[in-house]
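Note: the block below is work.txt and it holds compact mmCIF, C-alpha atoms.
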```txt
# COMPACT_ATOMS: atom_id res chain seq x y z
CA MET C 1 34.96 5.13 -14.05
CA SER C 2 31.81 7.06 -13.29
CA ILE C 3 29.70 3.93 -13.70
CA SER C 4 31.68 1.95 -11.17
CA THR C 5 31.56 4.69 -8.56
CA SER C 6 27.82 5.24 -8.78
CA ARG C 7 26.93 1.56 -8.73
CA ARG C 8 25.66 0.03 -5.51
CA ASP C 9 25.67 -3.75 -5.28
CA GLN C 10 23.48 -5.96 -3.13
CA GLN C 11 22.33 -3.33 -0.70
CA PRO C 12 19.85 -4.25 2.01
CA VAL C 13 16.59 -2.51 1.09
CA PHE C 14 12.86 -2.48 1.67
CA VAL C 15 10.35 -1.37 -0.92
CA LEU C 16 8.25 1.46 0.53
CA HIS C 17 6.02 2.06 -2.48
CA THR C 18 5.89 1.78 -6.26
CA TYR C 19 4.30 3.97 -8.92
CA PRO C 20 3.65 3.12 -12.58
CA PHE C 21 6.21 4.78 -14.86
CA LYS C 22 5.91 4.95 -18.64
CA GLU C 23 4.31 1.95 -20.26
CA THR C 24 6.02 -1.01 -18.63
CA SER C 25 8.18 0.39 -15.85
CA LEU C 26 7.84 1.28 -12.21
CA VAL C 27 9.32 3.94 -10.01
CA VAL C 28 10.31 2.27 -6.76
CA GLU C 29 10.72 4.10 -3.48
CA LEU C 30 13.38 2.15 -1.62
CA PHE C 31 14.50 2.45 1.96
CA SER C 32 18.10 1.30 1.97
CA ARG C 33 20.17 0.73 5.03
CA ASP C 34 23.30 2.56 3.96
CA HIS C 35 21.99 5.14 1.50
CA GLY C 36 18.67 6.14 3.02
CA ARG C 37 15.53 6.61 0.98
CA ILE C 38 16.12 6.53 -2.77
CA ALA C 39 13.92 6.42 -5.84
CA ALA C 40 14.82 4.14 -8.74
CA VAL C 41 13.31 3.05 -12.03
CA ALA C 42 12.67 -0.67 -12.40
CA LYS C 43 12.69 -0.95 -16.18
CA GLY C 44 10.13 -3.31 -17.62
CA ALA C 45 8.97 -4.36 -14.17
CA ARG C 46 5.33 -4.30 -15.26
CA ARG C 47 5.91 -6.78 -18.07
CA PRO C 48 4.29 -10.15 -17.37
CA ARG C 49 7.59 -12.06 -17.40
CA SER C 50 9.67 -9.54 -15.50
CA VAL C 51 11.90 -11.19 -12.91
CA MET C 52 11.49 -8.24 -10.58
CA ARG C 53 7.71 -8.12 -10.85
CA GLY C 54 6.89 -10.47 -7.99
CA MET C 55 9.69 -9.16 -5.83
CA LEU C 56 8.76 -5.52 -5.74
CA GLN C 57 6.62 -6.06 -2.68
CA SER C 58 6.75 -4.08 0.50
CA PHE C 59 7.75 -5.52 3.86
CA GLN C 60 10.26 -8.03 2.45
CA PRO C 61 13.97 -7.78 3.17
CA LEU C 62 15.61 -7.52 -0.26
CA LEU C 63 19.05 -6.95 -1.73
CA GLY C 64 19.02 -4.31 -4.41
CA THR C 65 21.58 -3.31 -7.04
CA TRP C 66 21.29 0.07 -8.68
CA SER C 67 23.36 2.72 -10.39
CA GLY C 68 23.11 6.31 -11.46
CA LYS C 69 23.74 9.73 -10.03
CA ASN C 70 20.44 11.39 -10.81
CA GLU C 71 17.67 11.61 -8.29
CA LEU C 72 16.04 8.72 -10.14
CA ARG C 73 18.46 5.74 -10.12
CA ASN C 74 18.31 2.66 -12.31
CA LEU C 75 17.39 -0.47 -10.44
CA HIS C 76 19.23 -3.41 -12.01
CA SER C 77 18.28 -6.34 -9.85
CA LEU C 78 16.62 -7.50 -6.68
CA GLU C 79 17.20 -10.62 -4.66
CA TRP C 80 15.51 -12.02 -1.62
CA GLY C 81 17.28 -10.88 1.52
CA GLU C 82 17.51 -12.62 4.83
CA GLY C 83 14.37 -14.41 5.93
CA LEU C 84 10.91 -14.07 4.53
CA LEU C 85 8.46 -11.89 6.39
CA LEU C 86 4.81 -12.75 6.47
CA LEU C 87 2.63 -9.82 7.36
CA GLN C 88 -1.01 -10.68 7.52
CA GLY C 89 -4.26 -8.94 8.26
CA GLN C 90 -3.99 -5.92 10.46
CA ALA C 91 -0.20 -6.13 10.52
CA LEU C 92 -0.24 -5.25 6.82
CA MET C 93 -2.03 -2.01 7.56
CA CYS C 94 0.51 -1.24 10.31
CA GLY C 95 3.20 -1.80 7.68
CA PHE C 96 1.51 0.56 5.24
CA TYR C 97 1.26 3.10 8.04
CA MET C 98 5.00 2.90 8.75
CA ASN C 99 5.78 3.18 5.04
CA GLU C 100 3.57 6.23 4.72
CA LEU C 101 5.30 7.87 7.69
CA LEU C 102 8.73 7.17 6.16
CA LEU C 103 7.66 8.45 2.73
CA ARG C 104 6.29 11.62 4.26
CA LEU C 105 8.96 12.37 6.85
CA LEU C 106 12.24 10.79 5.76
CA PRO C 107 14.23 13.03 3.43
CA ARG C 108 15.81 11.38 0.38
CA GLU C 109 19.43 10.24 0.35
CA ASP C 110 19.86 10.51 4.09
CA ALA C 111 21.23 7.32 5.62
CA HIS C 112 19.63 6.18 8.88
CA GLU C 113 21.11 2.78 9.66
CA THR C 114 19.63 2.57 13.14
CA LEU C 115 16.16 3.50 11.89
CA PHE C 116 16.48 0.92 9.10
CA ASP C 117 17.33 -1.79 11.60
CA TYR C 118 14.49 -0.68 13.84
CA TYR C 119 12.09 -0.75 10.90
CA ALA C 120 13.20 -4.30 10.00
CA GLN C 121 12.85 -5.40 13.62
CA THR C 122 9.36 -3.85 13.88
CA LEU C 123 8.26 -5.66 10.71
CA ARG C 124 9.50 -8.94 12.19
CA GLN C 125 7.50 -8.28 15.35
CA LEU C 126 4.40 -7.42 13.32
CA GLY C 127 4.82 -10.70 11.47
CA GLN C 128 4.98 -12.74 14.63
CA ILE C 129 2.55 -11.39 17.17
CA GLU C 130 -1.09 -10.46 17.23
CA HIS C 131 -1.76 -6.81 16.55
CA ASN C 132 -0.14 -4.79 19.28
CA PRO C 133 -0.44 -1.00 19.21
CA ILE C 134 2.64 -0.64 21.43
CA THR C 135 4.82 -1.91 18.57
CA LEU C 136 3.72 1.10 16.52
CA ARG C 137 4.17 3.56 19.43
CA ARG C 138 7.76 2.39 19.82
CA PHE C 139 8.42 2.76 16.11
CA GLU C 140 6.89 6.25 15.98
CA LEU C 141 9.05 7.45 18.88
CA ALA C 142 12.22 5.80 17.57
CA MET C 143 11.59 7.23 14.11
CA LEU C 144 11.21 10.82 15.32
CA GLN C 145 14.26 10.54 17.55
CA GLU C 146 16.37 8.96 14.79
CA MET C 147 15.36 11.66 12.34
CA GLY C 148 16.64 14.22 14.78
CA TYR C 149 13.40 15.58 16.16
CA ALA C 150 13.91 15.99 19.85
CA VAL C 151 11.23 14.37 21.96
CA PRO C 152 12.38 15.15 25.51
CA LEU C 153 10.72 12.80 27.99
CA THR C 154 12.64 12.95 31.23
CA HIS C 155 12.89 16.71 31.68
CA ASP C 156 10.40 19.53 31.22
CA GLU C 157 10.99 22.57 29.04
CA ASP C 158 12.85 24.35 31.84
CA GLY C 159 15.19 21.43 32.43
CA ARG C 160 13.55 20.19 35.64
CA ALA C 161 13.14 16.44 36.05
CA VAL C 162 9.66 15.24 35.10
CA GLU C 163 7.64 14.13 38.14
CA ALA C 164 5.43 11.08 37.77
CA GLU C 165 2.52 12.48 39.78
CA ARG C 166 2.40 15.82 38.05
CA ALA C 167 0.21 16.82 35.08
CA TYR C 168 2.01 18.27 32.05
CA PHE C 169 1.05 19.85 28.78
CA TYR C 170 3.23 18.57 25.94
CA ILE C 171 3.79 21.04 23.11
CA PRO C 172 5.67 20.10 19.90
CA GLU C 173 9.10 21.80 19.64
CA ARG C 174 8.90 22.81 23.33
CA GLY C 175 8.39 19.61 25.26
CA ALA C 176 6.65 19.02 28.56
CA CYS C 177 5.30 22.21 30.11
CA VAL C 178 3.91 22.61 33.59
CA VAL C 179 0.17 23.17 33.17
CA GLN C 180 -0.66 26.84 33.33
CA ALA C 181 -3.56 28.89 32.03
CA LYS C 182 -1.60 30.16 29.02
CA THR C 183 -0.27 26.78 27.84
CA ALA C 184 -3.78 25.41 27.41
CA GLN C 185 -4.35 27.60 24.36
CA GLN C 186 -1.59 26.03 22.33
CA SER C 187 -1.82 22.87 20.31
CA GLY C 188 -0.56 20.11 22.50
CA VAL C 189 -1.69 17.29 24.70
CA GLN C 190 -2.26 17.03 28.40
CA LEU C 191 -0.74 14.01 30.08
CA ALA C 192 0.69 12.66 33.33
CA GLY C 193 4.38 12.84 34.12
CA LYS C 194 4.28 9.07 34.59
CA THR C 195 3.43 8.59 30.90
CA LEU C 196 6.56 10.47 29.83
CA LEU C 197 8.76 8.57 32.26
CA ASP C 198 7.23 5.25 31.19
CA MET C 199 7.92 6.09 27.55
CA ALA C 200 11.51 7.03 28.38
CA ARG C 201 11.90 3.62 30.08
CA ASP C 202 10.09 1.89 27.20
CA ASP C 203 7.49 0.54 29.63
CA TYR C 204 3.99 0.50 28.16
CA ALA C 205 2.32 -1.86 30.63
CA ASP C 206 0.04 0.82 32.11
CA VAL C 207 -3.23 1.35 30.22
CA GLN C 208 -3.08 5.09 30.85
CA THR C 209 0.44 5.18 29.39
CA GLN C 210 -0.83 3.37 26.29
CA GLN C 211 -3.67 5.85 25.79
CA GLN C 212 -1.68 8.99 26.52
CA SER C 213 1.36 7.94 24.49
CA LYS C 214 -0.97 7.41 21.52
CA GLN C 215 -2.37 10.93 21.91
CA LEU C 216 1.10 12.38 22.33
CA MET C 217 2.48 10.65 19.23
CA ARG C 218 -0.55 11.69 17.21
CA VAL C 219 -0.03 15.35 18.12
CA LEU C 220 3.72 15.21 17.49
CA LEU C 221 3.38 13.40 14.15
CA GLY C 222 0.56 15.75 13.16
CA HIS C 223 2.87 18.68 13.86
CA TYR C 224 5.65 17.34 11.64
CA LEU C 225 3.36 15.99 8.91
CA GLY C 226 1.55 19.28 8.45
CA GLU C 227 -1.93 19.73 7.01
CA LYS C 228 -2.18 16.71 4.71
CA PRO C 229 -3.81 13.78 6.53
CA LEU C 230 -2.39 10.25 6.47
CA HIS C 231 -4.09 8.01 3.91
CA THR C 232 -3.73 4.90 6.07
CA ARG C 233 -5.50 6.55 9.01
CA GLN C 234 -8.34 7.74 6.77
CA LEU C 235 -8.70 4.27 5.25
CA LEU C 236 -9.02 2.64 8.67
CA MET C 237 -11.69 5.16 9.65
CA ASP C 238 -13.61 4.51 6.40
CA LEU C 239 -13.43 0.76 6.99
CA GLN C 240 -14.89 1.12 10.46
CA GLN C 241 -17.93 2.89 9.03
CA LEU C 242 -18.90 -0.05 6.83
CA MET M 1 5.00 26.35 -35.43
CA ARG M 2 1.79 25.65 -33.61
CA ASN M 3 -0.66 22.96 -34.56
CA PRO M 4 -4.29 23.85 -35.33
CA PRO M 5 -6.35 24.15 -32.14
CA ALA M 6 -8.46 21.06 -32.91
CA LEU M 7 -5.30 18.96 -33.28
CA GLU M 8 -3.89 20.38 -30.06
CA GLN M 9 -7.12 19.44 -28.34
CA LEU M 10 -6.89 15.88 -29.67
CA VAL M 11 -3.32 15.55 -28.39
CA GLU M 12 -4.40 16.82 -25.00
CA ALA M 13 -7.34 14.38 -24.97
CA LEU M 14 -5.13 11.38 -25.85
CA ARG M 15 -2.96 12.10 -22.86
CA CYS M 16 -5.69 10.83 -20.56
CA LEU M 17 -4.65 7.30 -21.58
CA PRO M 18 -2.34 5.56 -19.10
CA GLY M 19 1.33 5.73 -20.03
CA VAL M 20 0.78 8.30 -22.79
CA GLY M 21 2.88 11.43 -22.53
CA PRO M 22 2.92 14.49 -24.79
CA LYS M 23 5.17 12.87 -27.41
CA SER M 24 3.24 9.61 -27.75
CA ALA M 25 0.00 11.57 -27.84
CA LEU M 26 1.27 13.72 -30.71
CA ARG M 27 2.42 10.63 -32.61
CA MET M 28 -0.97 8.99 -32.16
CA ALA M 29 -2.80 12.10 -33.29
CA TYR M 30 -0.64 12.44 -36.44
CA HIS M 31 -1.16 8.78 -37.21
CA LEU M 32 -4.93 8.96 -36.82
CA LEU M 33 -5.32 12.10 -38.92
CA GLN M 34 -2.76 11.28 -41.61
CA ARG M 35 -2.62 7.52 -42.03
CA ASP M 36 -5.84 6.13 -40.67
CA ARG M 37 -8.76 8.51 -40.84
CA LYS M 38 -11.21 5.61 -41.13
CA GLY M 39 -9.82 4.00 -38.02
CA ALA M 40 -10.01 7.34 -36.24
CA SER M 41 -13.66 7.78 -37.03
CA HIS M 42 -14.33 4.19 -35.95
CA LEU M 43 -12.50 4.88 -32.68
CA ALA M 44 -14.54 8.02 -32.06
CA LEU M 45 -17.83 6.21 -32.70
CA SER M 46 -16.89 3.18 -30.60
CA LEU M 47 -15.78 5.37 -27.73
CA ASN M 48 -19.03 7.29 -27.83
CA ARG M 49 -21.13 4.18 -28.04
CA ALA M 50 -19.26 2.43 -25.22
CA LEU M 51 -19.72 5.47 -23.00
CA GLU M 52 -23.43 5.45 -23.75
CA VAL M 53 -24.25 1.79 -23.27
CA VAL M 54 -21.63 0.28 -20.95
CA SER M 55 -22.07 0.62 -17.23
CA HIS M 56 -21.67 -1.68 -14.23
CA CYS M 57 -23.69 -4.83 -13.62
CA ASN M 58 -25.86 -4.27 -10.57
CA LEU M 59 -24.84 -7.67 -9.16
CA CYS M 60 -21.19 -8.33 -9.99
CA ASN M 61 -20.05 -4.76 -10.67
CA ASN M 62 -18.35 -5.87 -13.90
CA PHE M 63 -18.83 -3.87 -17.11
CA SER M 64 -22.15 -4.67 -18.71
CA GLU M 65 -24.56 -3.38 -21.32
CA GLN M 66 -27.55 -4.75 -19.42
CA PRO M 67 -28.48 -3.83 -15.84
CA THR M 68 -27.60 -7.46 -14.95
CA CYS M 69 -24.78 -9.02 -16.99
CA PRO M 70 -25.28 -12.35 -18.85
CA LEU M 71 -23.06 -14.24 -16.39
CA CYS M 72 -25.05 -13.07 -13.37
CA ALA M 73 -28.34 -13.69 -15.19
CA SER M 74 -27.34 -17.21 -16.24
CA GLU M 75 -29.27 -19.98 -14.51
CA LYS M 76 -26.48 -22.50 -15.04
CA ARG M 77 -24.23 -20.84 -12.49
CA ASP M 78 -24.00 -21.84 -8.84
CA ALA M 79 -25.44 -18.88 -6.94
CA SER M 80 -24.22 -20.18 -3.57
CA GLN M 81 -20.58 -19.27 -4.33
CA LEU M 82 -19.30 -15.75 -4.84
CA CYS M 83 -15.75 -15.16 -6.02
CA VAL M 84 -14.23 -11.72 -5.36
CA VAL M 85 -11.63 -10.52 -7.90
CA GLU M 86 -9.82 -7.23 -8.39
CA MET M 87 -10.25 -6.63 -12.12
CA PRO M 88 -12.34 -7.88 -15.07
CA THR M 89 -9.17 -9.48 -16.51
CA ASP M 90 -8.93 -11.63 -13.37
CA LEU M 91 -12.50 -12.79 -13.94
CA MET M 92 -11.65 -13.71 -17.53
CA MET M 93 -8.63 -15.72 -16.41
CA LEU M 94 -10.72 -17.64 -13.88
CA GLU M 95 -13.41 -18.30 -16.48
CA GLN M 96 -10.79 -19.72 -18.84
CA THR M 97 -9.88 -22.36 -16.26
CA GLN M 98 -13.46 -23.67 -16.36
CA ALA M 99 -12.85 -24.80 -12.80
CA TYR M 100 -15.37 -22.50 -11.19
CA GLN M 101 -19.10 -22.38 -11.80
CA GLY M 102 -20.15 -19.81 -9.20
CA MET M 103 -20.82 -16.08 -9.35
CA TYR M 104 -18.37 -13.18 -9.24
CA PHE M 105 -17.90 -9.76 -7.76
CA VAL M 106 -15.41 -7.41 -9.42
CA LEU M 107 -13.94 -4.76 -7.10
CA MET M 108 -12.43 -2.74 -9.97
CA GLY M 109 -9.32 -2.18 -7.88
CA ARG M 110 -7.75 -3.01 -4.54
CA LEU M 111 -7.25 -1.27 -1.24
CA SER M 112 -4.09 0.77 -1.69
CA PRO M 113 -3.55 2.94 1.37
CA LEU M 114 -0.55 4.82 0.00
CA ASP M 115 -2.38 5.77 -3.20
CA GLY M 116 -5.47 6.86 -1.29
CA VAL M 117 -7.63 4.03 -2.66
CA GLY M 118 -10.06 3.14 0.12
CA PRO M 119 -13.21 1.09 0.66
CA ARG M 120 -15.40 3.54 -1.21
CA GLU M 121 -13.34 3.31 -4.41
CA ILE M 122 -13.58 -0.48 -4.50
CA HIS M 123 -17.34 -0.64 -3.77
CA LEU M 124 -17.13 -2.62 -0.55
CA ASP M 125 -20.63 -1.50 0.45
CA LYS M 126 -21.99 -2.99 -2.78
CA LEU M 127 -20.08 -6.23 -2.16
CA VAL M 128 -21.49 -6.59 1.36
CA LYS M 129 -25.00 -6.08 0.01
CA ARG M 130 -24.38 -8.60 -2.78
CA ALA M 131 -22.93 -11.25 -0.47
CA LEU M 132 -25.85 -10.95 1.95
CA ASP M 133 -28.54 -11.76 -0.62
CA GLY M 134 -29.40 -14.91 1.37
CA VAL M 135 -28.35 -17.31 -1.41
CA VAL M 136 -24.56 -16.91 -1.21
CA GLN M 137 -23.07 -19.48 1.17
CA GLU M 138 -19.37 -19.07 0.52
CA VAL M 139 -17.28 -16.09 -0.53
CA ILE M 140 -14.00 -16.98 -2.26
CA LEU M 141 -11.37 -14.25 -2.16
CA ALA M 142 -9.33 -14.26 -5.36
CA THR M 143 -7.53 -10.94 -4.97
CA ASN M 144 -3.86 -10.80 -5.95
CA TYR M 145 -1.11 -12.10 -3.71
CA THR M 146 0.45 -8.66 -3.50
CA VAL M 147 0.54 -6.72 -0.25
CA GLU M 148 -2.42 -4.61 -1.45
CA GLY M 149 -4.37 -7.68 -2.55
CA GLU M 150 -3.69 -9.36 0.78
CA ALA M 151 -4.82 -6.30 2.72
CA THR M 152 -7.99 -6.18 0.60
CA ALA M 153 -8.66 -9.87 1.24
CA HIS M 154 -8.18 -9.38 4.96
CA TYR M 155 -10.62 -6.50 5.30
CA VAL M 156 -13.23 -8.07 3.01
CA SER M 157 -13.06 -11.28 5.05
CA GLU M 158 -13.43 -9.36 8.33
CA LEU M 159 -16.49 -7.55 6.96
CA LEU M 160 -18.16 -10.72 5.70
CA LYS M 161 -17.25 -13.05 8.57
CA ALA M 162 -18.75 -10.53 10.99
CA ARG M 163 -22.01 -11.02 9.08
CA GLY M 164 -21.89 -14.79 9.40
CA LEU M 165 -20.65 -15.78 5.94
CA LYS M 166 -18.14 -18.53 5.17
CA VAL M 167 -15.05 -16.95 3.62
CA SER M 168 -12.17 -18.72 1.84
CA ARG M 169 -9.00 -17.56 0.07
CA ILE M 170 -7.53 -19.11 -3.09
CA ALA M 171 -4.43 -21.19 -2.37
CA ARG M 172 -0.89 -20.30 -3.36
CA GLY M 173 2.34 -22.18 -3.77
CA LEU M 174 4.28 -23.88 -6.55
CA PRO M 175 2.94 -23.39 -10.07
CA MET M 176 1.82 -26.27 -12.29
CA GLY M 177 4.89 -28.15 -13.45
CA GLY M 178 6.93 -26.12 -10.98
CA GLU M 179 10.36 -27.45 -10.15
CA ILE M 180 11.70 -26.61 -6.74
CA GLU M 181 15.14 -25.93 -8.19
CA HIS M 182 13.81 -23.11 -10.35
CA VAL M 183 11.09 -21.54 -8.25
CA ASP M 184 11.75 -18.20 -6.53
CA SER M 185 12.55 -18.45 -2.84
CA GLY M 186 9.63 -16.28 -1.78
CA THR M 187 7.11 -18.69 -3.28
CA LEU M 188 9.00 -21.68 -1.95
CA ALA M 189 9.08 -20.27 1.57
CA GLN M 190 5.31 -19.59 1.38
CA ALA M 191 4.66 -23.10 0.12
CA MET M 192 6.61 -24.57 3.01
CA MET M 193 4.85 -22.40 5.60
CA GLU M 194 1.40 -23.09 4.21
CA ARG M 195 1.93 -26.80 3.57
CA ARG M 196 -1.09 -29.03 3.97
CA ASN M 197 -1.72 -32.52 5.27
CA VAL M 198 -1.73 -35.31 2.74
CA LYS M 199 -5.10 -36.98 2.71
```

So, in terms of structure tokens, how does the structure I just supplied come out?
Amino acid sequence: MSISTSRRDQQPVFVLHTYPFKETSLVVELFSRDHGRIAAVAKGARRPRSVMRGMLQSFQPLLGTWSGKNELRNLHSLEWGEGLLLLQGQALMCGFYMNELLLRLLPREDAHETLFDYYAQTLRQLGQIEHNPITLRRFELAMLQEMGYAVPLTHDEDGRAVEAERAYFYIPERGACVVQAKTAQQSGVQLAGKTLLDMARDDYADVQTQQQSKQLMRVLLGHYLGEKPLHTRQLLMDLQQL
Amino acid sequence: MRNPPALEQLVEALRCLPGVGPKSALRMAYHLLQRDRKGASHLALSLNRALEVVSHCNLCNNFSEQPTCPLCASEKRDASQLCVVEMPTDLMMLEQTQAYQGMYFVLMGRLSPLDGVGPREIHLDKLVKRALDGVVQEVILATNYTVEGEATAHYVSELLKARGLKVSRIARGLPMGGEIEHVDSGTLAQAMMERRNVK
């Protein structure tokens, strides 16, 4: 009976990353809709004739079947899911960036259906349109909120409604603070009340909102990510130097 | 029971091979010392010699015993085309086809953001210098059709196009003798999206 209860058939998944495992296998980090982030061994997936070999690619909606109760599951099969996504050029790097954020911030075995759907939707947008930084801003905000990190936008830390014309200092874990001499010493970002209200309304038309929301998300993500820098960000900086 | 220190050291050294854990390493060490001492000594000598004489070709970045490898030094090759591949095995596969007479550049890897493999690790500065030698007219990107290979192709093409070079990418689609009924749907969808006009 234990086998049947631990088996999961045809689950919607995305591959976040793979690592070589033993001589011919791979460890696959999967983001599944109903079971959250799980790690599974794809046995023999590095053999030349492996059926799974060509399918273990990121950014494609797949249906995965796995079993096992250990932290490392056994991946039995993969099938193409709904629709093929074509990420190209810069959109690929945006995809890697999202995957890195999920690998770093999303705890294992914690289902986040809404975040999964949002991730799939963001990938579809990245596949369709020219590079648009707002797509990533929206994903970053949605991801933090879905993971349960509060990002209050409409009210300041004392519960007063945020005023568009006012300048605020946004501090992780505290929220928007009215600018005072003492707040300036803490790690945070200074921005206009309008930026916060725009973000709450999901309106990124204003150039200032685009710039300030980027700074805000960078500070917030930096706070939750800790010391270790993001590889994708470093890679983009290195590329610009060439 | 503990093994003699020299044996322990050998086991530890063998573990630097990919996919070799403590158990396989111990098995290899026993085999070399017990069953095949001649082979072991040959392995040690070959390893030493390879380390001494093999380095990277200054043009194509492939492994070479000379500063410029025989392929790059050959006058029969078309120096106006430069094909970029990930690994030496990819170069060998392309050579087997006998369909390409140009030059190569071997990255020795691919951009892999999540593994921390960036432009420095795959010698992009060397590639840019190589491609701008004034003779190369076209750069053909033959990196893998994986997400990492695609990302690599994209950034290499951006770098080279910005410097005025013609850049192309190898085609993809159905394999030789491929039957639509049996091809995987990812490939088929790609082939449909990237269809070309019939001349």

*Test item: chain C residues at most 6 Å from chain M, counting all atoms listed in the file, as a list in words*: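 Taking all atoms listed in the file into account, Lys22, Glu23, Gly89, His231, Thr232 and Leu235 of chain C sit within 6 Å of chain M.
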
*Determine, counting only C-alpha atoms, which protein, DNA and RNA residues have an atom within 7 Å of an atom of range 190-196 of chain C; residues of the same chain fewer than 6 positions away are not included. Present the result as a ChimeraX atom specification.*
/C:153-154,162-170,209,212-213

Hey, could you make a per-residue contact list for range 51-96 of chain C against range 13-19 of chain C with 6 Å as the cut-off, showing the nearest pair of atoms and its distance in Å to one decimal, counting all atoms listed in the file, sorted by chain and number, as a tab-separated table?
```
residue	atom	partner	partner_atom	distance
C:Ser58	CA	C:Val15	CA	4.7
C:Pro61	CA	C:Phe14	CA	5.6
C:Leu62	CA	C:Val13	CA	5.3
C:Leu63	CA	C:Val13	CA	5.8
```

*asked:* Using Å and a single decimal, report how far CA of Leu102 in chain C sits from CA of Gln10 in chain C.
replied: 21.8 Å

*Quick one: pull the distance between CA of Lys199 in chain M and CA of Glu95 in chain M, Å, one decimal.*
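Separation between CA of Lys199 in chain M and CA of Glu95 in chain M: 28.0 Å.
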
*Mind checking which residues fall within 12 Å of Ala111 in chain C, counting only C-alpha atoms, ignoring those fewer than 6 positions away in the same chain, and posting them as a list in words?*
Val13, Leu30, Phe31, Ser32, Arg33, Asp34, His35, Gly36, Arg37, Ile38, Asp117, Glu146 and Met147 of chain C

Return as JSON the centre and edge lengths, in Å with one decimal, of the box along x, y and z that encloses every atom of range 176-180 of chain C in the file, padded by 4 Å per side.
```
{"center_x": 3.0, "center_y": 22.9, "center_z": 31.1, "size_x": 15.3, "size_y": 15.8, "size_z": 13.0}
```

*List every protein, DNA or RNA residue that has at least one atom no more than 12 Å from (-2.3, -23.5, -4.0) in the file's coordinates, counting only C-alpha atoms, and write the result as a list in words.*
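Collected hits near the coordinates: Ala142, Tyr145, Arg169, Ile170, Ala171, Arg172, Gly173, Leu174, Pro175, Met176, Gly178, Thr187, Leu188, Gln190, Ala191, Met192, Glu194, Arg195 and Arg196 of chain M.
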
_Close residues, Arg138 in chain C itself excluded, 12 Å, only C-alpha atoms, min 2 positions apart in chain, as a PyMOL selection string_ = chain C and resi 98+115+118-119+121-122+125+132-136+140-146+198-204+210+213-214+217

Will you model all heavy atoms for range 101-105 of chain M and pass it back as a PDB file, keeping the file's coordinate frame?
```
ATOM      1  N   GLN M 101     -17.785 -22.571 -11.197  1.00  0.00           N
ATOM      2  CA  GLN M 101     -19.100 -22.380 -11.800  1.00  0.00           C
ATOM      3  C   GLN M 101     -19.956 -21.361 -11.051  1.00  0.00           C
ATOM      4  O   GLN M 101     -21.125 -21.182 -11.371  1.00  0.00           O
ATOM      5  CB  GLN M 101     -19.859 -23.721 -11.831  1.00  0.00           C
ATOM      6  CG  GLN M 101     -19.150 -24.799 -12.621  1.00  0.00           C
ATOM      7  CD  GLN M 101     -18.888 -24.380 -14.056  1.00  0.00           C
ATOM      8  OE1 GLN M 101     -19.709 -23.701 -14.668  1.00  0.00           O
ATOM      9  NE2 GLN M 101     -17.729 -24.733 -14.596  1.00  0.00           N
ATOM     10  N   GLY M 102     -19.359 -20.721 -10.032  1.00  0.00           N
ATOM     11  CA  GLY M 102     -20.150 -19.810  -9.200  1.00  0.00           C
ATOM     12  C   GLY M 102     -20.255 -18.406  -9.780  1.00  0.00           C
ATOM     13  O   GLY M 102     -20.008 -18.183 -10.965  1.00  0.00           O
ATOM     14  N   MET M 103     -20.643 -17.473  -8.944  1.00  0.00           N
ATOM     15  CA  MET M 103     -20.820 -16.080  -9.350  1.00  0.00           C
ATOM     16  C   MET M 103     -19.556 -15.282  -9.014  1.00  0.00           C
ATOM     17  O   MET M 103     -18.652 -15.763  -8.333  1.00  0.00           O
ATOM     18  CB  MET M 103     -22.020 -15.473  -8.616  1.00  0.00           C
ATOM     19  CG  MET M 103     -23.260 -16.327  -8.628  1.00  0.00           C
ATOM     20  SD  MET M 103     -23.837 -16.665 -10.289  1.00  0.00           S
ATOM     21  CE  MET M 103     -25.026 -15.390 -10.493  1.00  0.00           C
ATOM     22  N   TYR M 104     -19.546 -14.032  -9.477  1.00  0.00           N
ATOM     23  CA  TYR M 104     -18.370 -13.180  -9.240  1.00  0.00           C
ATOM     24  C   TYR M 104     -18.767 -11.844  -8.635  1.00  0.00           C
ATOM     25  O   TYR M 104     -19.912 -11.400  -8.746  1.00  0.00           O
ATOM     26  CB  TYR M 104     -17.646 -12.878 -10.559  1.00  0.00           C
ATOM     27  CG  TYR M 104     -16.924 -14.051 -11.150  1.00  0.00           C
ATOM     28  CD1 TYR M 104     -17.527 -14.832 -12.125  1.00  0.00           C
ATOM     29  CD2 TYR M 104     -15.639 -14.377 -10.741  1.00  0.00           C
ATOM     30  CE1 TYR M 104     -16.865 -15.912 -12.684  1.00  0.00           C
ATOM     31  CE2 TYR M 104     -14.969 -15.461 -11.298  1.00  0.00           C
ATOM     32  CZ  TYR M 104     -15.578 -16.218 -12.266  1.00  0.00           C
ATOM     33  OH  TYR M 104     -14.926 -17.272 -12.804  1.00  0.00           O
ATOM     34  N   PHE M 105     -17.778 -11.191  -8.052  1.00  0.00           N
ATOM     35  CA  PHE M 105     -17.900  -9.760  -7.760  1.00  0.00           C
ATOM     36  C   PHE M 105     -16.572  -9.105  -8.122  1.00  0.00           C
ATOM     37  O   PHE M 105     -15.510  -9.559  -7.679  1.00  0.00           O
ATOM     38  CB  PHE M 105     -18.232  -9.501  -6.290  1.00  0.00           C
ATOM     39  CG  PHE M 105     -18.533  -8.050  -6.028  1.00  0.00           C
ATOM     40  CD1 PHE M 105     -19.820  -7.563  -6.160  1.00  0.00           C
ATOM     41  CD2 PHE M 105     -17.515  -7.160  -5.696  1.00  0.00           C
ATOM     42  CE1 PHE M 105     -20.111  -6.219  -5.951  1.00  0.00           C
ATOM     43  CE2 PHE M 105     -17.791  -5.813  -5.502  1.00  0.00           C
ATOM     44  CZ  PHE M 105     -19.090  -5.345  -5.620  1.00  0.00           C
TER      45      PHE M 105
END
```
